[in-house]
Amino acid sequence: MRYITKSDLLIVARDSGYLMIGIGIMCLVPLIFDLIYFEFDVISFVIPAAISIALGVAFKKYFKNSTPKKMRLKHGMMISSFAWLWASIIGGIVFTLSTNIPIVDGVFESMSALTGTGITMFEDVEILPHSILFFRALEQWIGGLGVVVMVIGVLTKPGSVSSKLYQSEARDERIKPSIKTTLQKTLEIYAIYTVFGVILYVLAGMPLFDSICNSFHIISTGGMSIKNANMGYYQNDVIYLISIVLMILGATSFLVHYKVIKTRGKSLIHDLQFKVIIGVIAFVTVILYFISNIVPIDLLFTVVSAITTTGASVAMPTEMAGWPPFVIICLMCLMLTGGSNGSTVGAIKLVRMITFFKGIYRHIREILSPEGRVVAVKLNGHKIPEKAISQAGNYITLYLMFIMFTWALFCLYGYDPFKSLFAAMSLQGNNGLDLGIVNHTLNPIIKIVSMFDMWTGRLEIYPVLITLRAFFEIFKR
C-alpha cells in the first residue's frame, strides 16, 4: 500500500517555500559583521542566500495552487526534515566558500551548529573571519529554538500550517492557545535571555563580540565556541557561573519561563523537570567531587553542560579523556538524559525518562497488588495515558539502537571503544562534549553517519524516518 502520493509531495513543495526563504535570509545576517570588520567576503554569503531565496520564491509561486489538500502531520514532519537538511547544506556552502574546507566538513559544521551539537571541523577557529564566527553562533541560536519554529514565528500566518509545522519539530507545549502567539512569546523570552546573557558577559569583562557569540551559543545549549579552548579560554569563574545559569535557563521549558512571571516564581519551584535537573546537578557534582581531583568549578560546569546537552567545556577534550572512567560514565548518563521538554535541549529528555521509569514502577506495583487492580501513572498530578508510556519506551529503545549502530561503526574503523561510545552518545544527543576523536580527521563515512545522527537527534528520529520512508516510496513501482 502506498502512503505517499503525488499530492503529498506537492504539499511538501508548496509549504517549503517560506522555510527556504527564511534560511536564505539567515545567511545574509552575518554580512553586518563582514562590513563592520572590513572582511569583504560578501560573495560567500550572498550566493547561498540567493540560491535558497530564489528556490523558495519559485516553490511558493509554482506550487501555490498545485493541490487543494491541507497539510497533515506527516507533511509537517517531511517539511521539517527537509528544512533542517536544506539549512545545513546551504550553511555548509557558506563555510566552504569562505574557508575552503571540503563540502562534507562544511555541511557537518553547519549541521553541528544548527542542531546544537557544537562539534567543529575547524582545526583553529580563532583564525576564522568574524562573519563566519557569528554565522556559527547565529545558526546555533536559530537551531536552539528550531529552524522551522523561527521561520513560522516570523514569516507565516496563523493557522493549521503553523500548528502542524510546530508539532513536526517535536514540540507540543503551548504558552497561548494560538501557535503563532505561542511562537512569538517564545521568541520574546528567548531574545530577552539572550540580551541578558550578553550584558552579563560584558559586565564580567568579556569583549562585546565574544559576549554576543557566547550568549547565542550558551542560551541555545549549542556549545560551539569562538575559541579553541571553548569557554576555558577565559579562565574566569564569574564567566563560568554566568554560563551555568544560562545553560540551565536554556534547558528549562519555555512554558515554565512564561509562567514564572504569572506565578511570581512558583511555577519554577513546582515544575518537576526543573527540580529534577537541579537535584541531579547537585547530587552528581557532589559525588564526583569526592571521588576525583577535578577543580570544583570545572566539574560543576561540565556536569551542567552534559545534562543540558550544551557541550560547552572548560577542559580540553584531551584533558577530559584523562579523567577517571567513573566520571566519564556519569557524564554519559547525563548526556543520555537531557533537560526539559519544550526547551532548547537534545537527548531523550527528562519527561520521557520520568514517564518510562514510572511505567516500570507501575508494572512492579501491579504484580504486587491484588489481581485485577489497575494502577494509575501520574505526572504533576495528571494521569499519564497508556499510549504515552508506550511511546516513551519505544522512543528510548529506538534512540539506543541509533547509538549502538554509530558506536559499532566507530569501533569498526579502529577508534577506541570507550571514546567511541562517548562520541556516539554526544552526537545522537546533540551534546557536543568529546574526548578527542570527533574532528576534521574523522573518516568521511563516519562524518556522514554523524551528520545523520545529529539530524535525527534534533528532530527526535521519527520525522526523518517518515521522510526517508516517503523518499523510498517515490521509487516504488
# chains A, B, ... in the order shown; residues from 1 in each chain; ligands from 1
>>> residues_around(residues="Gly92 (chain A)", least_positions_apart="2", cutoff="7 Å", atoms="only C-alpha atoms", output="PyMOL selection string")
chain A and resi 88-90+94-96+103+106-107+109-110
>>> write_last_selection(atoms="C-alpha atoms", output="PDB file, in the first residue's frame")
ATOM      1  CA  SER A  88      22.663  22.503   6.781  1.00  0.00           C
ATOM      2  CA  ILE A  89      23.552  22.247   3.094  1.00  0.00           C
ATOM      3  CA  ILE A  90      23.160  25.990   2.460  1.00  0.00           C
ATOM      4  CA  VAL A  94      28.788  29.285   3.140  1.00  0.00           C
ATOM      5  CA  PHE A  95      31.566  27.626   5.171  1.00  0.00           C
ATOM      6  CA  THR A  96      33.113  26.030   2.094  1.00  0.00           C
ATOM      7  CA  ILE A 103      31.965  20.445   1.418  1.00  0.00           C
ATOM      8  CA  GLY A 106      31.215  22.414   5.725  1.00  0.00           C
ATOM      9  CA  VAL A 107      27.860  20.638   5.896  1.00  0.00           C
ATOM     10  CA  GLU A 109      29.877  22.198  10.656  1.00  0.00           C
ATOM     11  CA  SER A 110      26.531  23.661   9.673  1.00  0.00           C
TER      12      SER A 110
END
>>> atom_distance(atom1="CA of Asn431 (chain A)", atom2="CA of Val304 (chain A)")
11.4 Å
>>> residues_around(residues="Leu299 (chain A)", least_positions_apart="5", cutoff="8 Å", atoms="only C-alpha atoms", output="VMD selection string")
chain A and resid 285 288 to 289 294
>>> select_by_dssp(residues="region 168-265 of chain A", states="helix (DSSP H, G or I)", output="number ranges by chain")
A: 168, 179-203, 208-219, 230-234, 237-250, 254-263
>>> write_last_selection(atoms="C-alpha atoms", output="PDB file, in the first residue's frame")
ATOM      1  CA  SER A 168       6.843  18.445  13.442  1.00  0.00           C
ATOM      2  CA  ILE A 179       0.504  28.523  17.834  1.00  0.00           C
ATOM      3  CA  LYS A 180       1.501  31.812  16.204  1.00  0.00           C
ATOM      4  CA  THR A 181       1.119  33.692  19.501  1.00  0.00           C
ATOM      5  CA  THR A 182       2.937  30.903  21.355  1.00  0.00           C
ATOM      6  CA  LEU A 183       5.880  31.208  18.988  1.00  0.00           C
ATOM      7  CA  GLN A 184       6.020  34.978  19.292  1.00  0.00           C
ATOM      8  CA  LYS A 185       6.013  34.772  23.107  1.00  0.00           C
ATOM      9  CA  THR A 186       8.682  32.062  22.985  1.00  0.00           C
ATOM     10  CA  LEU A 187      10.843  34.213  20.701  1.00  0.00           C
ATOM     11  CA  GLU A 188      10.355  37.148  23.055  1.00  0.00           C
ATOM     12  CA  ILE A 189      11.516  35.129  26.088  1.00  0.00           C
ATOM     13  CA  TYR A 190      14.435  33.690  24.097  1.00  0.00           C
ATOM     14  CA  ALA A 191      15.557  37.143  22.928  1.00  0.00           C
ATOM     15  CA  ILE A 192      15.314  38.610  26.450  1.00  0.00           C
ATOM     16  CA  TYR A 193      17.507  35.850  27.901  1.00  0.00           C
ATOM     17  CA  THR A 194      20.000  36.290  25.050  1.00  0.00           C
ATOM     18  CA  VAL A 195      20.339  40.041  25.681  1.00  0.00           C
ATOM     19  CA  PHE A 196      20.536  39.316  29.414  1.00  0.00           C
ATOM     20  CA  GLY A 197      23.457  36.945  28.706  1.00  0.00           C
ATOM     21  CA  VAL A 198      25.278  39.490  26.529  1.00  0.00           C
ATOM     22  CA  ILE A 199      25.012  42.166  29.233  1.00  0.00           C
ATOM     23  CA  LEU A 200      26.252  39.830  31.982  1.00  0.00           C
ATOM     24  CA  TYR A 201      29.216  38.672  29.889  1.00  0.00           C
ATOM     25  CA  VAL A 202      30.204  42.276  29.114  1.00  0.00           C
ATOM     26  CA  LEU A 203      29.979  43.193  32.810  1.00  0.00           C
ATOM     27  CA  LEU A 208      31.363  42.648  23.112  1.00  0.00           C
ATOM     28  CA  PHE A 209      31.742  40.396  20.044  1.00  0.00           C
ATOM     29  CA  ASP A 210      32.649  37.427  22.247  1.00  0.00           C
ATOM     30  CA  SER A 211      29.700  38.233  24.521  1.00  0.00           C
ATOM     31  CA  ILE A 212      27.241  38.182  21.636  1.00  0.00           C
ATOM     32  CA  CYS A 213      28.517  34.902  20.178  1.00  0.00           C
ATOM     33  CA  ASN A 214      28.857  33.186  23.548  1.00  0.00           C
ATOM     34  CA  SER A 215      25.407  34.263  24.685  1.00  0.00           C
ATOM     35  CA  PHE A 216      23.996  32.897  21.416  1.00  0.00           C
ATOM     36  CA  HIS A 217      25.641  29.501  21.763  1.00  0.00           C
ATOM     37  CA  ILE A 218      25.127  29.071  25.519  1.00  0.00           C
ATOM     38  CA  ILE A 219      21.435  30.032  25.806  1.00  0.00           C
ATOM     39  CA  ASN A 230      35.928  26.822  24.312  1.00  0.00           C
ATOM     40  CA  MET A 231      34.819  28.652  27.484  1.00  0.00           C
ATOM     41  CA  GLY A 232      38.044  27.560  29.201  1.00  0.00           C
ATOM     42  CA  TYR A 233      39.816  30.261  27.194  1.00  0.00           C
ATOM     43  CA  TYR A 234      38.560  32.991  29.541  1.00  0.00           C
ATOM     44  CA  ASP A 237      34.958  31.836  37.322  1.00  0.00           C
ATOM     45  CA  VAL A 238      32.376  34.616  37.012  1.00  0.00           C
ATOM     46  CA  ILE A 239      32.015  33.883  33.277  1.00  0.00           C
ATOM     47  CA  TYR A 240      31.696  30.178  34.093  1.00  0.00           C
ATOM     48  CA  LEU A 241      28.900  30.875  36.604  1.00  0.00           C
ATOM     49  CA  ILE A 242      27.053  33.114  34.139  1.00  0.00           C
ATOM     50  CA  SER A 243      27.312  30.325  31.557  1.00  0.00           C
ATOM     51  CA  ILE A 244      25.972  27.768  34.052  1.00  0.00           C
ATOM     52  CA  VAL A 245      22.918  29.945  34.742  1.00  0.00           C
ATOM     53  CA  LEU A 246      22.287  30.464  31.001  1.00  0.00           C
ATOM     54  CA  MET A 247      22.641  26.739  30.284  1.00  0.00           C
ATOM     55  CA  ILE A 248      20.063  25.889  32.941  1.00  0.00           C
ATOM     56  CA  LEU A 249      17.715  28.580  31.607  1.00  0.00           C
ATOM     57  CA  GLY A 250      18.098  27.135  28.101  1.00  0.00           C
ATOM     58  CA  PHE A 254       9.666  27.941  27.781  1.00  0.00           C
ATOM     59  CA  LEU A 255       6.201  27.352  29.210  1.00  0.00           C
ATOM     60  CA  VAL A 256       7.729  27.403  32.705  1.00  0.00           C
ATOM     61  CA  HIS A 257       9.632  30.614  31.882  1.00  0.00           C
ATOM     62  CA  TYR A 258       6.385  32.260  30.800  1.00  0.00           C
ATOM     63  CA  LYS A 259       4.548  31.129  33.921  1.00  0.00           C
ATOM     64  CA  VAL A 260       7.334  32.419  36.201  1.00  0.00           C
ATOM     65  CA  ILE A 261       6.049  35.967  35.687  1.00  0.00           C
ATOM     66  CA  LYS A 262       2.411  34.951  36.081  1.00  0.00           C
ATOM     67  CA  THR A 263       3.002  32.918  39.269  1.00  0.00           C
TER      68      THR A 263
END
>>> closest_residue(among="A:Cys411, A:Ile348, A:Val464, A:Val12", to="His75 (chain A)", atoms="only C-alpha atoms")
A:Val12
>>> residues_around(residues="Val57 (chain A)", least_positions_apart="2", cutoff="10 Å", atoms="only C-alpha atoms", output="ChimeraX atom specification")
/A:16-18,20-21,52-55,59-62
>>> atom_distance(atom1="CA of Tyr413 (chain A)", atom2="CA of Leu331 (chain A)")
24.3 Å
>>> closest_residue(among="A:His363, A:Lys378, A:Arg136, A:His270", to="Pro30 (chain A)", atoms="only C-alpha atoms")
A:Arg136
>>> closest_residue(among="A:Gly22, A:Gly457, A:Gly223, A:Gly76", to="Met425 (chain A)", atoms="only C-alpha atoms")
A:Gly457
